[in-house]
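Chemist: This is the content of target17.pdb (PDB, C-alpha atoms):
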ATOM      1  CA  MET A  13      13.384  72.952  23.483
ATOM      2  CA  LEU A  14      10.456  70.570  23.583
ATOM      3  CA  ARG A  15       7.955  70.919  26.371
ATOM      4  CA  HIS A  16       7.470  67.164  26.533
ATOM      5  CA  GLU A  17       8.832  64.035  24.911
ATOM      6  CA  PHE A  18       7.206  62.582  21.834
ATOM      7  CA  ARG A  19       5.522  59.278  22.667
ATOM      8  CA  PRO A  20       4.974  57.393  19.383
ATOM      9  CA  GLY A  21       3.335  54.408  21.098
ATOM     10  CA  ARG A  22       0.495  56.574  22.337
ATOM     11  CA  ALA A  23       0.014  58.034  18.862
ATOM     12  CA  VAL A  24      -0.128  54.559  17.290
ATOM     13  CA  ALA A  25      -2.551  53.299  19.945
ATOM     14  CA  GLY A  26      -4.765  56.347  19.409
ATOM     15  CA  LEU A  27      -4.836  55.825  15.653
ATOM     16  CA  ALA A  28      -5.692  52.152  16.104
ATOM     17  CA  MET A  29      -8.554  53.006  18.458
ATOM     18  CA  LEU A  30      -9.830  55.672  16.048
ATOM     19  CA  ALA A  31      -9.780  53.085  13.262
ATOM     20  CA  LEU A  32     -11.772  50.689  15.446
ATOM     21  CA  ALA A  33     -14.270  53.402  16.337
ATOM     22  CA  GLY A  34     -14.677  54.277  12.673
ATOM     23  CA  GLY A  35     -15.203  50.621  11.781
ATOM     24  CA  TYR A  36     -17.819  50.165  14.484
ATOM     25  CA  ALA A  37     -19.564  53.384  13.418
ATOM     26  CA  ALA A  38     -19.613  52.296   9.778
ATOM     27  CA  ASP A  39     -20.958  48.887  10.796
ATOM     28  CA  ALA A  40     -23.627  50.463  13.007
ATOM     29  CA  ALA A  41     -24.676  52.830  10.212
ATOM     30  CA  GLY A  42     -24.981  49.927   7.789
ATOM     31  CA  ALA A  43     -22.336  51.332   5.452
ATOM     32  CA  TRP A  44     -20.014  48.401   6.038
ATOM     33  CA  GLU A  45     -20.898  44.814   6.825
ATOM     34  CA  VAL A  46     -18.084  43.088   8.650
ATOM     35  CA  PRO A  47     -18.128  40.248  11.198
ATOM     36  CA  TRP A  48     -17.278  41.165  14.774
ATOM     37  CA  THR A  49     -14.298  38.779  14.684
ATOM     38  CA  PHE A  50     -12.540  41.216  12.347
ATOM     39  CA  PHE A  51     -12.192  43.818  15.090
ATOM     40  CA  LEU A  52     -10.342  41.616  17.593
ATOM     41  CA  PRO A  53      -7.191  41.173  15.451
ATOM     42  CA  VAL A  54      -7.267  44.883  14.571
ATOM     43  CA  PHE A  55      -7.414  45.742  18.271
ATOM     44  CA  LEU A  56      -4.637  43.340  19.266
ATOM     45  CA  GLY A  57      -2.523  44.319  16.253
ATOM     46  CA  GLY A  58      -2.875  47.980  17.165
ATOM     47  CA  LEU A  59      -1.786  47.288  20.734
ATOM     48  CA  TRP A  60       1.161  45.228  19.495
ATOM     49  CA  LEU A  61       2.257  48.015  17.134
ATOM     50  CA  ALA A  62       1.924  50.569  19.929
ATOM     51  CA  ALA A  63       4.034  48.414  22.249
ATOM     52  CA  THR A  64       6.663  47.953  19.541
ATOM     53  CA  ALA A  65       6.784  51.699  18.860
ATOM     54  CA  THR A  66       7.089  52.419  22.582
ATOM     55  CA  TRP A  67       9.894  49.894  23.028
ATOM     56  CA  THR A  68      11.769  51.203  19.972
ATOM     57  CA  ALA A  69      11.466  54.814  21.130
ATOM     58  CA  TYR A  70      12.638  53.807  24.613
ATOM     59  CA  MET A  71      15.705  52.039  23.249
ATOM     60  CA  LEU A  72      16.592  54.965  20.985
ATOM     61  CA  ARG A  73      16.116  57.481  23.803
ATOM     62  CA  ARG A  74      18.217  55.353  26.153
ATOM     63  CA  ARG A  75      20.988  55.049  23.573
ATOM     64  CA  ARG A  76      20.921  58.793  22.870
ATOM     65  CA  ASP A  77      21.114  59.617  26.581
ATOM     66  CA  ALA A  78      24.039  57.214  27.075
ATOM     67  CA  ARG A  79      25.948  58.792  24.197
ATOM     68  CA  LYS A  80      25.255  62.260  25.530
ATOM     69  CA  ALA A  81      26.438  61.303  29.022
ATOM     70  CA  SER A  82      29.635  59.699  27.742
ATOM     71  CA  ALA A  83      30.425  62.733  25.590
ATOM     72  CA  GLU A  84      30.016  65.076  28.543
ATOM     73  CA  ASN A  85      32.183  62.995  30.857
ATOM     74  CA  THR A  86      35.664  63.451  29.361
ATOM     75  CA  ALA A  87      37.492  64.374  32.575
ATOM     76  CA  ALA A  88      39.480  61.959  34.696
ATOM     77  CA  PRO A  89      37.508  59.994  37.287
ATOM     78  CA  ALA A  90      37.310  61.361  40.806
ATOM     79  CA  SER A  91      40.028  60.333  43.228
ATOM     80  CA  THR A  92      39.262  57.863  46.003
ATOM     81  CA  ARG A  93      41.630  59.622  48.418
ATOM     82  CA  GLY A  94      39.379  62.565  49.188
ATOM     83  CA  SER A  95      37.130  63.137  52.159
ATOM     84  CA  HIS A  96      34.352  61.171  50.452
ATOM     85  CA  ALA A  97      36.308  57.937  50.251
ATOM     86  CA  ILE A  98      34.768  54.883  51.853
ATOM     87  CA  LYS A  99      36.949  53.454  54.621
TER
END
Would it be possible to restate this file's structure as structure tokens?
Modeler:
Amino acid sequence: MLRHEFRPGRAVAGLAMLALAGGYAADAAGAWEVPWTFFLPVFLGGLWLAATATWTAYMLRRRRDARKASAENTAAPASTRGSHAIK
């Protein structure tokens, strides 16, 4: 059993930020000349990809949980005539 859920959006956001840090480091070291306007679309694109990955993982997890719940609930529904019935 997993100790925690896998969060792909966080992984994608981390990789995007590492790419930005590497680009800034290469620019600061003089190994790569790139205008600063290049980094803004990379940043926003990385955030968009992270949000998309998070949304996709959420939808898949929600669908999996719904299937699991419906497979476990094969018995007849509870009666409304018991002591817990609303009057």
Chemist: Would you kindly translate the PyMOL selection byres ((chain A and resi 36) around 12) into the concrete residues it picks from this file, as a list in words?
Modeler: Met29, Leu30, Ala31, Leu32, Ala33, Gly34, Gly35, Ala37, Ala38, Asp39, Ala40, Ala41, Gly42, Ala43, Trp44, Glu45, Val46, Pro47, Trp48, Thr49, Phe50, Phe51, Leu52, Val54 and Phe55 of chain A
Chemist: Give me a file of those residues, with C-alpha atoms, as a PDB file, in the coordinates of the input.
Modeler:
ATOM      1  CA  MET A  29      -8.554  53.006  18.458  1.00  0.00           C
ATOM      2  CA  LEU A  30      -9.830  55.672  16.048  1.00  0.00           C
ATOM      3  CA  ALA A  31      -9.780  53.085  13.262  1.00  0.00           C
ATOM      4  CA  LEU A  32     -11.772  50.689  15.446  1.00  0.00           C
ATOM      5  CA  ALA A  33     -14.270  53.402  16.337  1.00  0.00           C
ATOM      6  CA  GLY A  34     -14.677  54.277  12.673  1.00  0.00           C
ATOM      7  CA  GLY A  35     -15.203  50.621  11.781  1.00  0.00           C
ATOM      8  CA  ALA A  37     -19.564  53.384  13.418  1.00  0.00           C
ATOM      9  CA  ALA A  38     -19.613  52.296   9.778  1.00  0.00           C
ATOM     10  CA  ASP A  39     -20.958  48.887  10.796  1.00  0.00           C
ATOM     11  CA  ALA A  40     -23.627  50.463  13.007  1.00  0.00           C
ATOM     12  CA  ALA A  41     -24.676  52.830  10.212  1.00  0.00           C
ATOM     13  CA  GLY A  42     -24.981  49.927   7.789  1.00  0.00           C
ATOM     14  CA  ALA A  43     -22.336  51.332   5.452  1.00  0.00           C
ATOM     15  CA  TRP A  44     -20.014  48.401   6.038  1.00  0.00           C
ATOM     16  CA  GLU A  45     -20.898  44.814   6.825  1.00  0.00           C
ATOM     17  CA  VAL A  46     -18.084  43.088   8.650  1.00  0.00           C
ATOM     18  CA  PRO A  47     -18.128  40.248  11.198  1.00  0.00           C
ATOM     19  CA  TRP A  48     -17.278  41.165  14.774  1.00  0.00           C
ATOM     20  CA  THR A  49     -14.298  38.779  14.684  1.00  0.00           C
ATOM     21  CA  PHE A  50     -12.540  41.216  12.347  1.00  0.00           C
ATOM     22  CA  PHE A  51     -12.192  43.818  15.090  1.00  0.00           C
ATOM     23  CA  LEU A  52     -10.342  41.616  17.593  1.00  0.00           C
ATOM     24  CA  VAL A  54      -7.267  44.883  14.571  1.00  0.00           C
ATOM     25  CA  PHE A  55      -7.414  45.742  18.271  1.00  0.00           C
TER      26      PHE A  55
END
Chemist: Using Å and a single decimal, report how far atom CA of A:Trp60 sits from atom CA of A:Leu27.
Modeler: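 Rounded to one decimal, the two atoms are 12.8 Å apart.
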Chemist: Name the residues, using the chain letters and numbers of the file, that sit within 10 Å of (12.7, 60.8, 25.4) when counting all atoms listed in the file, and give them as a ChimeraX atom specification.
Modeler: /A:16-19,69-74,76-77
Chemist: If you apply the PyMOL selection byres ((chain A and resi 24) around 10) to this file, what residues do you get, as a PDB file with C-alpha atoms, in the frame of the given file?
Modeler:
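In the end it all went to expr_15.pdb:
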ATOM      1  CA  ARG A  19       5.522  59.278  22.667  1.00  0.00           C
ATOM      2  CA  PRO A  20       4.974  57.393  19.383  1.00  0.00           C
ATOM      3  CA  GLY A  21       3.335  54.408  21.098  1.00  0.00           C
ATOM      4  CA  ARG A  22       0.495  56.574  22.337  1.00  0.00           C
ATOM      5  CA  ALA A  23       0.014  58.034  18.862  1.00  0.00           C
ATOM      6  CA  ALA A  25      -2.551  53.299  19.945  1.00  0.00           C
ATOM      7  CA  GLY A  26      -4.765  56.347  19.409  1.00  0.00           C
ATOM      8  CA  LEU A  27      -4.836  55.825  15.653  1.00  0.00           C
ATOM      9  CA  ALA A  28      -5.692  52.152  16.104  1.00  0.00           C
ATOM     10  CA  MET A  29      -8.554  53.006  18.458  1.00  0.00           C
ATOM     11  CA  LEU A  30      -9.830  55.672  16.048  1.00  0.00           C
ATOM     12  CA  GLY A  58      -2.875  47.980  17.165  1.00  0.00           C
ATOM     13  CA  LEU A  59      -1.786  47.288  20.734  1.00  0.00           C
ATOM     14  CA  TRP A  60       1.161  45.228  19.495  1.00  0.00           C
ATOM     15  CA  LEU A  61       2.257  48.015  17.134  1.00  0.00           C
ATOM     16  CA  ALA A  62       1.924  50.569  19.929  1.00  0.00           C
ATOM     17  CA  ALA A  63       4.034  48.414  22.249  1.00  0.00           C
ATOM     18  CA  THR A  64       6.663  47.953  19.541  1.00  0.00           C
ATOM     19  CA  ALA A  65       6.784  51.699  18.860  1.00  0.00           C
ATOM     20  CA  THR A  66       7.089  52.419  22.582  1.00  0.00           C
TER      21      THR A  66
END
Chemist: Step by step, gather every atom of stretch 46-63 of chain A that the file lists, find the box along x, y and z that holds them, add 8 Å on each side, and finally give centre and edge lengths in Å to one decimal, as lines of an AutoDock Vina configuration file.
Modeler:
center_x = -7.0
center_y = 44.7
center_z = 15.4
size_x = 38.2
size_y = 27.8
size_z = 29.6
Chemist: Any chance you could model N, CA, C and O atoms for stretch 30-52 of chain A and send them as an mmCIF file, in the coordinates of the input?
Modeler:
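See part_4.cif below for the written result:
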data_model
loop_
_atom_site.group_PDB
_atom_site.id
_atom_site.type_symbol
_atom_site.label_atom_id
_atom_site.label_comp_id
_atom_site.auth_asym_id
_atom_site.auth_seq_id
_atom_site.Cartn_x
_atom_site.Cartn_y
_atom_site.Cartn_z
ATOM 1 N N LEU A 30 -8.989 54.889 16.962
ATOM 2 C CA LEU A 30 -9.830 55.672 16.048
ATOM 3 C C LEU A 30 -10.289 54.831 14.861
ATOM 4 O O LEU A 30 -11.436 54.955 14.407
ATOM 5 N N ALA A 31 -9.400 53.981 14.360
ATOM 6 C CA ALA A 31 -9.780 53.085 13.262
ATOM 7 C C ALA A 31 -10.870 52.112 13.705
ATOM 8 O O ALA A 31 -11.828 51.849 12.960
ATOM 9 N N LEU A 32 -10.737 51.583 14.921
ATOM 10 C CA LEU A 32 -11.772 50.689 15.446
ATOM 11 C C LEU A 32 -13.099 51.419 15.618
ATOM 12 O O LEU A 32 -14.164 50.882 15.277
ATOM 13 N N ALA A 33 -13.038 52.627 16.151
ATOM 14 C CA ALA A 33 -14.270 53.402 16.337
ATOM 15 C C ALA A 33 -14.927 53.697 14.999
ATOM 16 O O ALA A 33 -16.160 53.618 14.867
ATOM 17 N N GLY A 34 -14.124 54.030 14.010
ATOM 18 C CA GLY A 34 -14.677 54.277 12.673
ATOM 19 C C GLY A 34 -15.298 53.026 12.070
ATOM 20 O O GLY A 34 -16.347 53.082 11.430
ATOM 21 N N GLY A 35 -14.652 51.883 12.287
ATOM 22 C CA GLY A 35 -15.203 50.621 11.781
ATOM 23 C C GLY A 35 -16.511 50.261 12.457
ATOM 24 O O GLY A 35 -17.473 49.838 11.797
ATOM 25 N N TYR A 36 -16.577 50.433 13.767
ATOM 26 C CA TYR A 36 -17.819 50.165 14.484
ATOM 27 C C TYR A 36 -18.917 51.142 14.061
ATOM 28 O O TYR A 36 -20.081 50.749 13.907
ATOM 29 N N ALA A 37 -18.566 52.396 13.855
ATOM 30 C CA ALA A 37 -19.564 53.384 13.418
ATOM 31 C C ALA A 37 -20.083 53.058 12.030
ATOM 32 O O ALA A 37 -21.290 53.154 11.769
ATOM 33 N N ALA A 38 -19.180 52.664 11.136
ATOM 34 C CA ALA A 38 -19.613 52.296 9.778
ATOM 35 C C ALA A 38 -20.480 51.047 9.810
ATOM 36 O O ALA A 38 -21.458 50.936 9.063
ATOM 37 N N ASP A 39 -20.147 50.097 10.673
ATOM 38 C CA ASP A 39 -20.958 48.887 10.796
ATOM 39 C C ASP A 39 -22.328 49.213 11.388
ATOM 40 O O ASP A 39 -23.350 48.689 10.939
ATOM 41 N N ALA A 40 -22.354 50.091 12.387
ATOM 42 C CA ALA A 40 -23.627 50.463 13.007
ATOM 43 C C ALA A 40 -24.513 51.245 12.040
ATOM 44 O O ALA A 40 -25.740 51.109 12.070
ATOM 45 N N ALA A 41 -23.906 52.039 11.173
ATOM 46 C CA ALA A 41 -24.676 52.830 10.212
ATOM 47 C C ALA A 41 -25.127 51.992 9.023
ATOM 48 O O ALA A 41 -25.946 52.444 8.224
ATOM 49 N N GLY A 42 -24.605 50.797 8.897
ATOM 50 C CA GLY A 42 -24.981 49.927 7.789
ATOM 51 C C GLY A 42 -24.175 50.191 6.529
ATOM 52 O O GLY A 42 -24.465 49.632 5.478
ATOM 53 N N ALA A 43 -23.151 51.022 6.622
ATOM 54 C CA ALA A 43 -22.336 51.332 5.452
ATOM 55 C C ALA A 43 -21.294 50.253 5.184
ATOM 56 O O ALA A 43 -20.743 50.174 4.091
ATOM 57 N N TRP A 44 -21.058 49.412 6.173
ATOM 58 C CA TRP A 44 -20.014 48.401 6.038
ATOM 59 C C TRP A 44 -20.437 47.175 6.827
ATOM 60 O O TRP A 44 -20.673 47.240 8.024
ATOM 61 N N GLU A 45 -20.546 46.064 6.164
ATOM 62 C CA GLU A 45 -20.898 44.814 6.825
ATOM 63 C C GLU A 45 -19.625 44.009 7.059
ATOM 64 O O GLU A 45 -18.964 43.587 6.116
ATOM 65 N N VAL A 46 -19.283 43.836 8.302
ATOM 66 C CA VAL A 46 -18.084 43.088 8.650
ATOM 67 C C VAL A 46 -18.395 42.269 9.901
ATOM 68 O O VAL A 46 -19.113 42.731 10.788
ATOM 69 N N PRO A 47 -17.888 41.047 9.985
ATOM 70 C CA PRO A 47 -18.128 40.248 11.198
ATOM 71 C C PRO A 47 -17.367 40.833 12.394
ATOM 72 O O PRO A 47 -16.328 41.463 12.243
ATOM 73 N N TRP A 48 -17.890 40.605 13.571
ATOM 74 C CA TRP A 48 -17.278 41.165 14.774
ATOM 75 C C TRP A 48 -15.896 40.584 15.023
ATOM 76 O O TRP A 48 -15.071 41.213 15.691
ATOM 77 N N THR A 49 -15.613 39.400 14.477
ATOM 78 C CA THR A 49 -14.298 38.779 14.684
ATOM 79 C C THR A 49 -13.187 39.529 13.960
ATOM 80 O O THR A 49 -12.016 39.324 14.259
ATOM 81 N N PHE A 50 -13.533 40.408 13.047
ATOM 82 C CA PHE A 50 -12.540 41.216 12.347
ATOM 83 C C PHE A 50 -11.905 42.235 13.288
ATOM 84 O O PHE A 50 -10.719 42.569 13.167
ATOM 85 N N PHE A 51 -12.673 42.737 14.240
ATOM 86 C CA PHE A 51 -12.192 43.818 15.090
ATOM 87 C C PHE A 51 -11.190 43.361 16.157
ATOM 88 O O PHE A 51 -10.356 44.145 16.589
ATOM 89 N N LEU A 52 -11.267 42.114 16.579
ATOM 90 C CA LEU A 52 -10.342 41.616 17.593
ATOM 91 C C LEU A 52 -8.886 41.624 17.108
ATOM 92 O O LEU A 52 -8.018 42.143 17.811
#
